[in-house]
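So this block is entry.tsv, TSV, C-alpha atoms:
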```tsv
chain	number	residue	atom	x	y	z
A	1	MET	CA	61.55	119.45	44.12
A	2	PRO	CA	60.84	119.51	47.85
A	3	THR	CA	58.77	122.55	48.83
A	4	PHE	CA	57.99	123.80	52.29
A	5	PRO	CA	54.84	125.94	52.66
A	6	LEU	CA	54.61	127.50	56.10
A	7	ARG	CA	51.64	128.17	58.29
A	8	SER	CA	50.97	129.23	61.83
A	9	ARG	CA	48.10	128.54	64.21
A	10	PRO	CA	45.04	130.84	63.96
A	11	LEU	CA	43.99	133.18	66.75
A	12	LEU	CA	42.38	131.69	69.80
A	13	ARG	CA	38.90	133.09	70.41
A	14	LEU	CA	37.49	132.82	73.93
A	15	MET	CA	34.02	133.79	75.15
A	16	LEU	CA	33.45	134.26	78.89
A	17	LEU	CA	29.92	134.21	80.26
A	18	CYS	CA	29.80	135.97	83.63
A	19	ALA	CA	27.11	135.42	86.28
A	20	GLY	CA	24.30	137.98	86.55
A	21	LEU	CA	24.64	140.89	88.97
A	22	ALA	CA	21.99	141.12	91.69
A	23	HIS	CA	20.80	144.21	93.53
A	24	ALA	CA	18.67	143.64	96.62
A	25	GLY	CA	16.07	146.31	97.36
A	26	GLY	CA	14.31	146.92	100.64
A	27	SER	CA	11.61	144.43	99.68
A	28	GLY	CA	14.17	141.66	99.23
A	29	ALA	CA	13.42	141.37	95.51
A	30	ALA	CA	16.37	140.92	93.15
A	31	SER	CA	16.78	141.73	89.50
A	32	MET	CA	19.26	139.95	87.23
A	33	ALA	CA	21.35	141.66	84.59
A	34	PRO	CA	23.28	139.15	82.45
A	35	LEU	CA	26.78	140.27	81.52
A	36	GLU	CA	28.42	138.79	78.44
A	37	VAL	CA	32.11	139.43	77.82
A	38	MET	CA	33.82	138.44	74.58
A	39	VAL	CA	37.59	138.33	74.54
A	40	THR	CA	40.00	137.57	71.73
A	41	LEU	CA	43.34	136.23	72.95
A	42	THR	CA	45.99	136.95	70.36
A	43	PRO	CA	49.37	135.25	70.68
A	44	ALA	CA	52.34	137.17	69.40
A	45	ALA	CA	52.17	137.07	65.61
A	46	CYS	CA	55.08	134.93	64.40
A	47	THR	CA	56.07	134.51	60.76
A	48	PRO	CA	58.27	131.55	59.71
A	49	THR	CA	60.21	131.87	56.45
A	50	LEU	CA	62.65	129.85	54.36
A	51	SER	CA	65.15	131.25	51.91
A	52	ASN	CA	64.51	130.68	48.19
A	53	GLY	CA	60.81	130.42	48.94
A	54	GLY	CA	61.45	127.06	50.62
A	55	VAL	CA	62.33	125.39	47.32
A	56	ALA	CA	65.29	123.02	47.01
A	57	ASP	CA	65.81	123.03	43.23
A	58	TYR	CA	68.08	120.32	41.84
A	59	GLY	CA	67.61	121.38	38.23
A	60	ALA	CA	68.00	118.74	35.50
A	61	MET	CA	70.13	115.65	36.12
A	62	ASN	CA	71.02	112.82	33.76
A	63	ALA	CA	69.31	109.54	34.63
A	64	ASN	CA	72.64	107.73	34.25
A	65	ILE	CA	73.48	108.77	37.83
A	66	LEU	CA	71.01	106.08	38.98
A	67	ARG	CA	72.30	102.59	39.69
A	68	GLN	CA	70.77	99.12	39.50
A	69	GLY	CA	70.19	97.68	42.94
A	70	GLN	CA	71.29	100.87	44.72
A	71	VAL	CA	69.68	103.92	46.24
A	72	THR	CA	71.14	107.17	44.84
A	73	ALA	CA	71.83	110.01	47.28
A	74	LEU	CA	71.59	113.49	45.78
A	75	PRO	CA	73.62	116.41	47.20
A	76	VAL	CA	72.46	118.14	50.36
A	77	ILE	CA	70.85	121.56	49.88
A	78	SER	CA	70.62	123.92	52.84
A	79	MET	CA	68.63	127.10	53.31
A	80	THR	CA	68.04	129.71	55.98
A	81	PHE	CA	65.10	129.07	58.29
A	82	SER	CA	63.86	131.95	60.43
A	83	ILE	CA	60.92	132.81	62.66
A	84	ASN	CA	60.17	136.45	63.46
A	85	CYS	CA	57.56	137.59	65.98
A	86	ASP	CA	56.19	141.01	66.90
A	87	ALA	CA	56.72	140.15	70.59
A	88	ALA	CA	58.70	137.48	72.41
A	89	ALA	CA	56.85	134.16	72.30
A	90	LYS	CA	57.37	130.48	73.03
A	91	PHE	CA	56.66	128.25	70.05
A	92	SER	CA	57.52	124.94	68.45
A	93	ILE	CA	57.46	123.52	64.94
A	94	ARG	CA	56.60	120.12	63.54
A	95	ALA	CA	56.93	118.70	60.05
A	96	ILE	CA	54.00	117.28	58.08
A	97	ASP	CA	54.67	115.15	54.99
A	98	ASN	CA	52.33	116.15	52.17
A	99	ARG	CA	53.58	113.25	50.03
A	100	SER	CA	53.57	110.49	52.63
A	101	ALA	CA	51.76	108.08	50.28
A	102	SER	CA	54.76	108.17	47.94
A	103	LEU	CA	57.67	107.49	50.29
A	104	VAL	CA	59.83	104.45	49.66
A	105	SER	CA	59.98	102.61	52.96
A	106	GLY	CA	63.49	102.41	54.42
A	107	ILE	CA	65.14	104.52	51.73
A	108	VAL	CA	66.56	107.20	54.07
A	109	ALA	CA	68.06	104.58	56.38
A	110	ALA	CA	69.53	102.71	53.39
A	111	GLY	CA	70.81	105.77	51.56
A	112	SER	CA	72.34	107.45	54.61
A	113	GLY	CA	73.67	104.27	56.16
A	114	ASP	CA	72.03	105.27	59.44
A	115	GLY	CA	69.66	102.52	60.53
A	116	ALA	CA	68.24	104.79	63.26
A	117	LEU	CA	66.53	106.95	60.63
A	118	GLY	CA	63.26	105.06	60.27
A	119	ASP	CA	60.32	106.12	58.14
A	120	ASP	CA	59.31	108.83	60.60
A	121	TYR	CA	62.40	110.65	59.24
A	122	ASN	CA	61.47	109.78	55.65
A	123	PHE	CA	59.49	112.26	53.50
A	124	GLY	CA	58.04	111.19	50.14
A	125	LEU	CA	59.36	112.48	46.81
A	126	GLY	CA	56.18	111.93	44.78
A	127	LYS	CA	55.25	109.43	42.07
A	128	VAL	CA	55.83	109.04	38.35
A	129	ALA	CA	53.90	106.54	36.24
A	130	GLY	CA	52.59	105.04	39.48
A	131	ARG	CA	56.10	104.42	40.83
A	132	ASN	CA	57.39	105.94	44.09
A	133	ILE	CA	60.43	108.09	43.32
A	134	GLY	CA	62.15	108.03	46.70
A	135	GLY	CA	62.38	109.95	49.94
A	136	TYR	CA	64.33	112.69	51.65
A	137	SER	CA	65.37	113.71	55.12
A	138	ILE	CA	65.14	117.16	56.72
A	139	ARG	CA	67.62	118.41	59.29
A	140	LEU	CA	67.57	121.49	61.49
A	141	MET	CA	71.30	122.16	61.81
A	142	PRO	CA	71.54	122.60	65.59
A	143	ASN	CA	74.75	124.59	65.98
A	144	THR	CA	73.61	127.27	63.54
A	145	TYR	CA	70.64	128.67	65.48
A	146	THR	CA	70.41	131.98	67.29
A	147	GLY	CA	67.56	133.33	69.40
A	148	ASP	CA	67.39	137.12	69.53
A	149	TYR	CA	70.90	137.06	68.03
A	150	ARG	CA	72.48	134.84	70.71
A	151	PRO	CA	73.34	131.14	70.33
A	152	VAL	CA	70.50	128.84	71.44
A	153	LYS	CA	70.04	125.10	71.86
A	154	LEU	CA	67.78	123.15	69.54
A	155	MET	CA	65.48	120.83	71.48
A	156	SER	CA	62.87	118.23	70.61
A	157	SER	CA	59.83	116.76	72.32
A	158	SER	CA	57.36	113.98	71.61
A	159	ASP	CA	54.59	115.52	73.75
A	160	GLY	CA	55.30	119.27	73.87
A	161	ASN	CA	55.98	119.10	77.62
A	162	ILE	CA	59.34	117.40	78.16
A	163	TRP	CA	62.15	118.80	76.04
A	164	ASN	CA	65.57	117.26	75.35
A	165	ASP	CA	68.63	118.01	73.25
A	166	ALA	CA	67.71	117.44	69.58
A	167	GLY	CA	71.01	115.73	68.80
A	168	ASN	CA	71.97	116.16	65.14
A	169	GLY	CA	68.66	117.90	64.35
A	170	ALA	CA	67.24	115.13	62.14
A	171	VAL	CA	63.53	115.92	61.77
A	172	SER	CA	61.10	113.20	62.78
A	173	LYS	CA	57.40	113.53	61.98
A	174	ARG	CA	56.72	112.35	65.56
A	175	LEU	CA	58.63	115.23	67.18
A	176	ARG	CA	58.23	118.94	67.81
A	177	PHE	CA	61.24	121.24	67.86
A	178	SER	CA	61.92	124.41	69.82
A	179	TRP	CA	64.77	126.49	71.23
A	180	GLY	CA	66.11	127.60	74.60
A	181	ALA	CA	69.22	128.71	76.44
A	182	ASP	CA	69.43	125.42	78.37
A	183	ASN	CA	68.32	121.87	77.71
A	184	GLY	CA	64.86	121.18	79.04
A	185	ALA	CA	63.67	124.79	79.08
A	186	VAL	CA	61.95	126.41	76.10
A	187	ASP	CA	62.41	130.18	76.09
A	188	ALA	CA	60.49	133.05	74.47
A	189	TYR	CA	62.11	134.80	71.50
A	190	LYS	CA	61.26	137.48	68.98
A	191	ALA	CA	63.69	136.14	66.36
A	192	ILE	CA	65.03	132.65	65.65
A	193	SER	CA	67.39	132.04	62.73
A	194	GLY	CA	69.54	129.16	61.52
A	195	ARG	CA	70.00	126.60	58.78
A	196	LEU	CA	67.79	123.77	57.52
A	197	SER	CA	68.94	121.11	55.07
A	198	VAL	CA	67.26	118.53	52.84
A	199	HIS	CA	68.88	115.32	51.56
A	200	PRO	CA	67.00	113.36	48.84
A	201	TYR	CA	67.45	109.66	48.07
A	202	VAL	CA	66.22	108.33	44.72
A	203	ASN	CA	64.86	104.80	44.29
A	204	LYS	CA	66.80	102.01	42.58
A	205	ALA	CA	67.01	102.33	38.80
A	206	GLU	CA	65.03	99.15	38.16
A	207	ASN	CA	62.11	100.58	40.15
A	208	LEU	CA	61.71	103.72	38.02
A	209	PRO	CA	60.53	104.38	34.42
A	210	LEU	CA	63.82	105.73	33.08
A	211	GLY	CA	62.39	106.29	29.61
A	212	GLN	CA	60.70	109.49	30.77
A	213	ASP	CA	61.39	112.54	32.93
A	214	ILE	CA	61.31	111.89	36.66
A	215	PRO	CA	60.36	115.10	38.51
A	216	LEU	CA	61.18	115.18	42.21
A	217	ASP	CA	57.93	116.29	43.83
A	218	GLY	CA	58.46	116.38	47.57
A	219	SER	CA	56.30	118.66	49.71
A	220	ALA	CA	56.30	119.16	53.45
A	221	THR	CA	54.73	121.70	55.79
A	222	LEU	CA	56.53	123.18	58.78
A	223	GLU	CA	53.71	123.98	61.18
A	224	LEU	CA	54.23	126.50	63.99
A	225	HIS	CA	52.48	126.08	67.34
A	226	TYR	CA	52.47	128.56	70.21
A	227	LEU	CA	53.36	127.08	73.61
```

Write out the structure in this file as structure tokens.
Amino acid sequence: MPTFPLRSRPLLRLMLLCAGLAHAGGSGAASMAPLEVMVTLTPAACTPTLSNGGVADYGAMNANILRQGQVTALPVISMTFSINCDAAAKFSIRAIDNRSASLVSGIVAAGSGDGALGDDYNFGLGKVAGRNIGGYSIRLMPNTYTGDYRPVKLMSSSDGNIWNDAGNGAVSKRLRFSWGADNGAVDAYKAISGRLSVHPYVNKAENLPLGQDIPLDGSATLELHYL
């Protein structure tokens, strides 16, 4: 089952070393007193959460749903995704595939019929008996998001500097995602909330050991970065 552990960036610790202070006496002599200042810069503490503990549980399914020569699409499961901060902050998220070694290349594009969804949109579903089970896509459902309880736009960026409309919200491992009132401008919020969905695609029947249980074992991390 795909799981989504969440984590945020640790505090930034900064040490400033200031120049010594000089006092000139009548003799022209100077004494130096070094001043050392230690500062801890603490971004607003933000906590991302997913409903159901971030678990998309498909329960038990009969292997006869799988087909020879065909990828099998399982139903979409959606959950609430929220980020809550103790003060307004600008932040972005990116997805990290913890099962990237197990993805079946091209399976999301084949299963969805959308050739634009390359393997950067494809998250691995784990292995069984050395066989790759499949892949799944993640989507941030753009029209569902609010920032501080008002509708906001979902945006994406490849470099964290230039932001554009995120389209249908399909999550690429190459992109970061954030929110704002207008395209191109990320805004600071205390609370973001909306829907996230996962859509698994299981490998062709002939590529799997159907004589045993096949547990879906996808795992991804949604990592939060302060901007």

Write out as a Markdown table a residue-level contact list of region 53-156 of chain A versus region 169-173 of chain A with cut-off 6 Å: for each qualifying residue the closest pair of atoms and the distance in Å to one decimal, counting only C-alpha atoms, rows sorted by chain and residue number upward.
```
| residue | atom | partner | partner_atom | distance |
| --- | --- | --- | --- | --- |
| A:Ala95 | CA | A:Lys173 | CA | 5.5 |
| A:Asp120 | CA | A:Ser172 | CA | 5.2 |
| A:Tyr121 | CA | A:Ser172 | CA | 4.6 |
| A:Ile138 | CA | A:Val171 | CA | 5.4 |
| A:Arg139 | CA | A:Ala170 | CA | 4.4 |
| A:Leu140 | CA | A:Gly169 | CA | 4.7 |
| A:Met141 | CA | A:Gly169 | CA | 5.6 |
| A:Pro142 | CA | A:Gly169 | CA | 5.6 |
```

- Between A:Cys46, A:Val152, A:Leu208, A:Leu125, which one has atoms that come closest to Asn84 (chain A), using all atoms listed in the file?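 Result for the nearest residue to Asn84 (chain A): A:Cys46.
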
If we count only C-alpha atoms, what is near Gly130 (chain A) at a cut-off of 12 Å, once residues fewer than 6 positions away on the same chain are taken out, given as a PyMOL selection string? chain A and resi 101-102+207-209+214

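What separates CA of Gly115 (chain A) from CA of Phe177 (chain A) is a distance of 21.8 Å.
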
Checklist entry - So, counting only C-alpha atoms, which residue among A:Ala63, A:Ile83, A:Ala88, A:Leu196 is closest to Leu224 (chain A)? => result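 For Leu224 (chain A), the nearest of the given residues is A:Ile83.
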
| message | Which residues are close to Ala205 (chain A), i.e. within 8 Å by only C-alpha atoms, leaving aside same-chain residues fewer than 5 positions away? Reply as a PyMOL selection string. | response | chain A and resi 66-70+210

Min atom-atom distance to Tyr145 (chain A) from the set A:Val128, A:Ile192, A:Leu103, A:Ala109, counting only C-alpha atoms, belongs to A:Ile192

**Asked** Which one of A:Ile77, A:Ala116, A:Ile133, A:Met155 sits closest to Gly218 (chain A) if you count all atoms listed in the file?
**Response**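 The closest residue to Gly218 (chain A) is A:Ile133.
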